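Data first, discussion second: the structure below is written as structure tokens.
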Amino acid sequence: MSHTTSRLTPPRPWSPLTDLQWHALAPYVLPRAPQGRRIADLRHRMDAIFHLASTPGDPWRLLPEAYGRPETVARFFRRLTRAGLWHRLLEALAECGPDHPLRGIEYAILRATRRAARLGGMPLLLLIRKLGLRTALNGPPWLLPDPLLSETLRRAPMPPAPRTALQLAAAKSYLRSIEALARAALGRRRIPRTVRLAWP
């Protein structure tokens with residue numbers, strides 16, 4: 001997996017998938033329902049997901065009627081998330097070149113990944129941070145948990161037992177710094193909705 005510089009993806013109004021974009025996206029998407037039945041309107045459902053994902057803050061119930069029942073699309077979105085679709089697409093974005101068809105829907109993919117954050121949990125957050133795809137984060141990175149920092153702190157050495165007042169002061173200062181970093185690594189327990197929606 002190649003390293004991606006941390007960046008924000010410029011917003012892009014959603015328009016339905018082109019044939020080329022769908023051809024690039026289709027191999028990553030689950031083609032069948034849990035019962036084994038093939039999903040006939042797969043492309044249409046992905047259009048629905050990306051349409052809503054590109055509209056910050058809109059709940060599923062506001063999905064336009066043309067895309068079908070919101071409950072059906074939302075259920076499909078959850079299935080895709082649990083199956084690791086957004087993980088695979090993020091990794092694909094990290095590898096593909098600037099002219100790859102997935103680049104044309106990168107913003108929609110990242111916004112959909114943001115919606116999947118709660119279901120995707122810490123593994124998804126860790127991948128987003130590793131790849132530097134900040135648009136996929138569900139808020140400013142300095143307010144979110146930082147698994148990489150947590151892992152670094154876990155390996156941080158503890159100071160030796162102090163023997164002098166100077167060493168004691170230095171040890172206390174070091175531990176206070178570690179404690180502050182640990183709080184930052186945990187992120188905010190709750191990020192105001194206005195802050196989340198304002199994050200580009």
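Chain labels A, B, ... are given in the sequence in which chains occur in the structure tokens; within each chain residues are numbered consecutively from 1, and ligands are likewise numbered from 1 in the order shown.
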Inset, instruction - Skip region 58-70 of chain A itself and residues of its chain fewer than 4 positions away, then list as a PyMOL selection string all residues within 7 Å of it, counting only C-alpha atoms. - result: chain A and resi 44+48+52+74
Legend entry - Near-region 121-131 of chain A list (10 Å; only C-alpha atoms; drop same-chain fewer than 3 positions) as number ranges by chain: A: 1-7, 81, 84, 86-87, 90-91, 93-94, 110, 113-114, 116-118, 134-138, 141, 144-148
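Ranking A:Leu89, A:Leu30, A:Ala108, A:Pro13 by their shortest atom-to-atom distance to Ile49 (chain A), with only C-alpha atoms included, puts A:Ala108 first.
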Legend entry - Interatomic distance (Å, one decimal) between CA of Pro101 (chain A) and CA of Gly57 (chain A): 26.4 Å
Inset, instruction - Using backbone DSSP assignments, extract all alpha helix (DSSP H) residues from chain A; output them as a PyMOL selection string. - result: chain A and resi 19-25+42-53+70-82+85-95+106-115+117-131+147-154+165-186+193-198
Would you save the residues from that selection as a compact mmCIF listing (two decimals), in the first residue's frame, using C-alpha atoms?
# COMPACT_ATOMS: atom_id res chain seq x y z
CA ASP A 19 -20.42 3.71 -17.42
CA LEU A 20 -16.67 4.02 -16.94
CA GLN A 21 -16.99 4.82 -13.24
CA TRP A 22 -19.43 1.99 -12.68
CA HIS A 23 -17.14 -0.43 -14.49
CA ALA A 24 -14.33 0.56 -12.09
CA LEU A 25 -16.56 0.43 -9.00
CA LEU A 42 -26.96 -2.44 -7.90
CA ARG A 43 -25.77 0.60 -9.83
CA HIS A 44 -28.91 2.51 -8.91
CA ARG A 45 -28.37 1.75 -5.23
CA MET A 46 -24.80 2.97 -5.35
CA ASP A 47 -26.01 6.15 -7.03
CA ALA A 48 -28.48 6.57 -4.17
CA ILE A 49 -25.78 6.08 -1.53
CA PHE A 50 -23.41 8.53 -3.19
CA HIS A 51 -26.18 11.07 -3.78
CA LEU A 52 -27.06 11.18 -0.09
CA ALA A 53 -23.45 10.94 1.07
CA PRO A 70 -34.78 4.84 1.96
CA GLU A 71 -34.92 1.82 4.30
CA THR A 72 -33.81 -0.51 1.51
CA VAL A 73 -30.88 1.69 0.51
CA ALA A 74 -29.86 2.25 4.15
CA ARG A 75 -29.93 -1.49 4.82
CA PHE A 76 -27.81 -2.11 1.73
CA PHE A 77 -25.36 0.58 2.87
CA ARG A 78 -24.97 -1.14 6.25
CA ARG A 79 -24.37 -4.49 4.54
CA LEU A 80 -21.68 -2.97 2.35
CA THR A 81 -20.04 -1.38 5.37
CA ARG A 82 -19.97 -4.60 7.36
CA LEU A 85 -16.50 -2.10 1.00
CA TRP A 86 -15.22 1.26 2.18
CA HIS A 87 -11.95 -0.26 3.41
CA ARG A 88 -11.40 -1.76 -0.04
CA LEU A 89 -12.28 1.43 -1.87
CA LEU A 90 -9.99 3.56 0.31
CA GLU A 91 -7.13 1.18 -0.40
CA ALA A 92 -7.96 1.32 -4.11
CA LEU A 93 -7.90 5.12 -4.04
CA ALA A 94 -4.50 5.02 -2.36
CA GLU A 95 -3.15 2.88 -5.20
CA GLU A 106 -13.38 10.05 -4.85
CA TYR A 107 -15.30 12.76 -3.00
CA ALA A 108 -18.48 10.66 -2.97
CA ILE A 109 -16.57 7.58 -1.78
CA LEU A 110 -14.97 9.53 1.06
CA ARG A 111 -18.26 11.11 2.09
CA ALA A 112 -19.91 7.69 2.11
CA THR A 113 -17.01 6.38 4.19
CA ARG A 114 -17.66 9.20 6.64
CA ARG A 115 -21.25 7.98 7.01
CA ALA A 117 -17.61 5.66 10.45
CA ARG A 118 -19.73 4.38 13.32
CA LEU A 119 -20.19 0.93 11.81
CA GLY A 120 -16.62 0.74 10.54
CA GLY A 121 -15.24 1.53 13.97
CA MET A 122 -11.60 1.91 14.88
CA PRO A 123 -10.20 -0.20 11.98
CA LEU A 124 -11.80 2.15 9.46
CA LEU A 125 -10.60 5.23 11.33
CA LEU A 126 -7.09 3.82 11.48
CA LEU A 127 -7.07 3.18 7.73
CA ILE A 128 -8.34 6.68 6.97
CA ARG A 129 -5.59 8.20 9.09
CA LYS A 130 -2.91 5.97 7.59
CA LEU A 131 -3.92 6.95 4.07
CA PRO A 147 -5.02 5.01 17.06
CA LEU A 148 -1.52 5.69 15.75
CA LEU A 149 -0.77 8.04 18.62
CA SER A 150 -2.24 5.54 21.08
CA GLU A 151 0.08 2.84 19.78
CA THR A 152 3.08 5.18 19.99
CA LEU A 153 2.24 6.08 23.59
CA ARG A 154 1.84 2.43 24.49
CA ALA A 165 14.48 16.64 43.25
CA LEU A 166 15.51 17.67 39.74
CA GLN A 167 14.89 14.17 38.39
CA LEU A 168 11.54 14.06 40.18
CA ALA A 169 10.46 17.34 38.57
CA ALA A 170 11.55 16.09 35.15
CA ALA A 171 9.68 12.80 35.62
CA LYS A 172 6.50 14.61 36.64
CA SER A 173 6.73 16.89 33.62
CA TYR A 174 7.25 13.89 31.33
CA LEU A 175 4.27 12.03 32.78
CA ARG A 176 2.05 15.12 32.46
CA SER A 177 2.99 15.32 28.79
CA ILE A 178 2.20 11.63 28.30
CA GLU A 179 -1.14 12.11 30.05
CA ALA A 180 -2.03 15.07 27.82
CA LEU A 181 -1.12 13.12 24.70
CA ALA A 182 -3.17 10.16 25.92
CA ARG A 183 -6.22 12.40 26.29
CA ALA A 184 -5.66 13.72 22.78
CA ALA A 185 -5.33 10.16 21.45
CA LEU A 186 -8.75 9.29 22.86
CA ARG A 193 -23.05 18.29 15.09
CA THR A 194 -22.35 21.79 13.80
CA VAL A 195 -18.62 21.07 13.90
CA ARG A 196 -19.03 17.74 12.12
CA LEU A 197 -21.19 19.24 9.39
CA ALA A 198 -18.80 22.14 8.91
Legend entry - Among listed residues A:Ile105, A:Leu143, A:Met158, A:Ala26, nearest Pro11 (chain A) (using only C-alpha atoms):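 Closest candidate: A:Ile105.
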Legend entry - Nearest candidate to Pro16 (chain A) (options A:Pro140, A:Gly132, A:Pro56, A:Gly104; using only C-alpha atoms): A:Gly104
Legend entry - Nearest to Leu102 (chain A), chosen from A:Thr18, A:Ala40, A:Gly139, A:Ala83, with only C-alpha atoms counted in the distances: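 Among A:Thr18, A:Ala40, A:Gly139, A:Ala83, it is A:Thr18 that comes nearest to Leu102 (chain A).
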Legend entry - Pick from A:Arg188, A:Arg163, A:Arg155, A:Arg103, whichever lies nearest to Trp142 (chain A) using only C-alpha atoms: A:Arg188
Legend entry - Counting only C-alpha atoms, the residue of A:Pro27, A:Thr55, A:Ala156, A:Arg38 that sits nearest Ser15 (chain A): A:Thr55
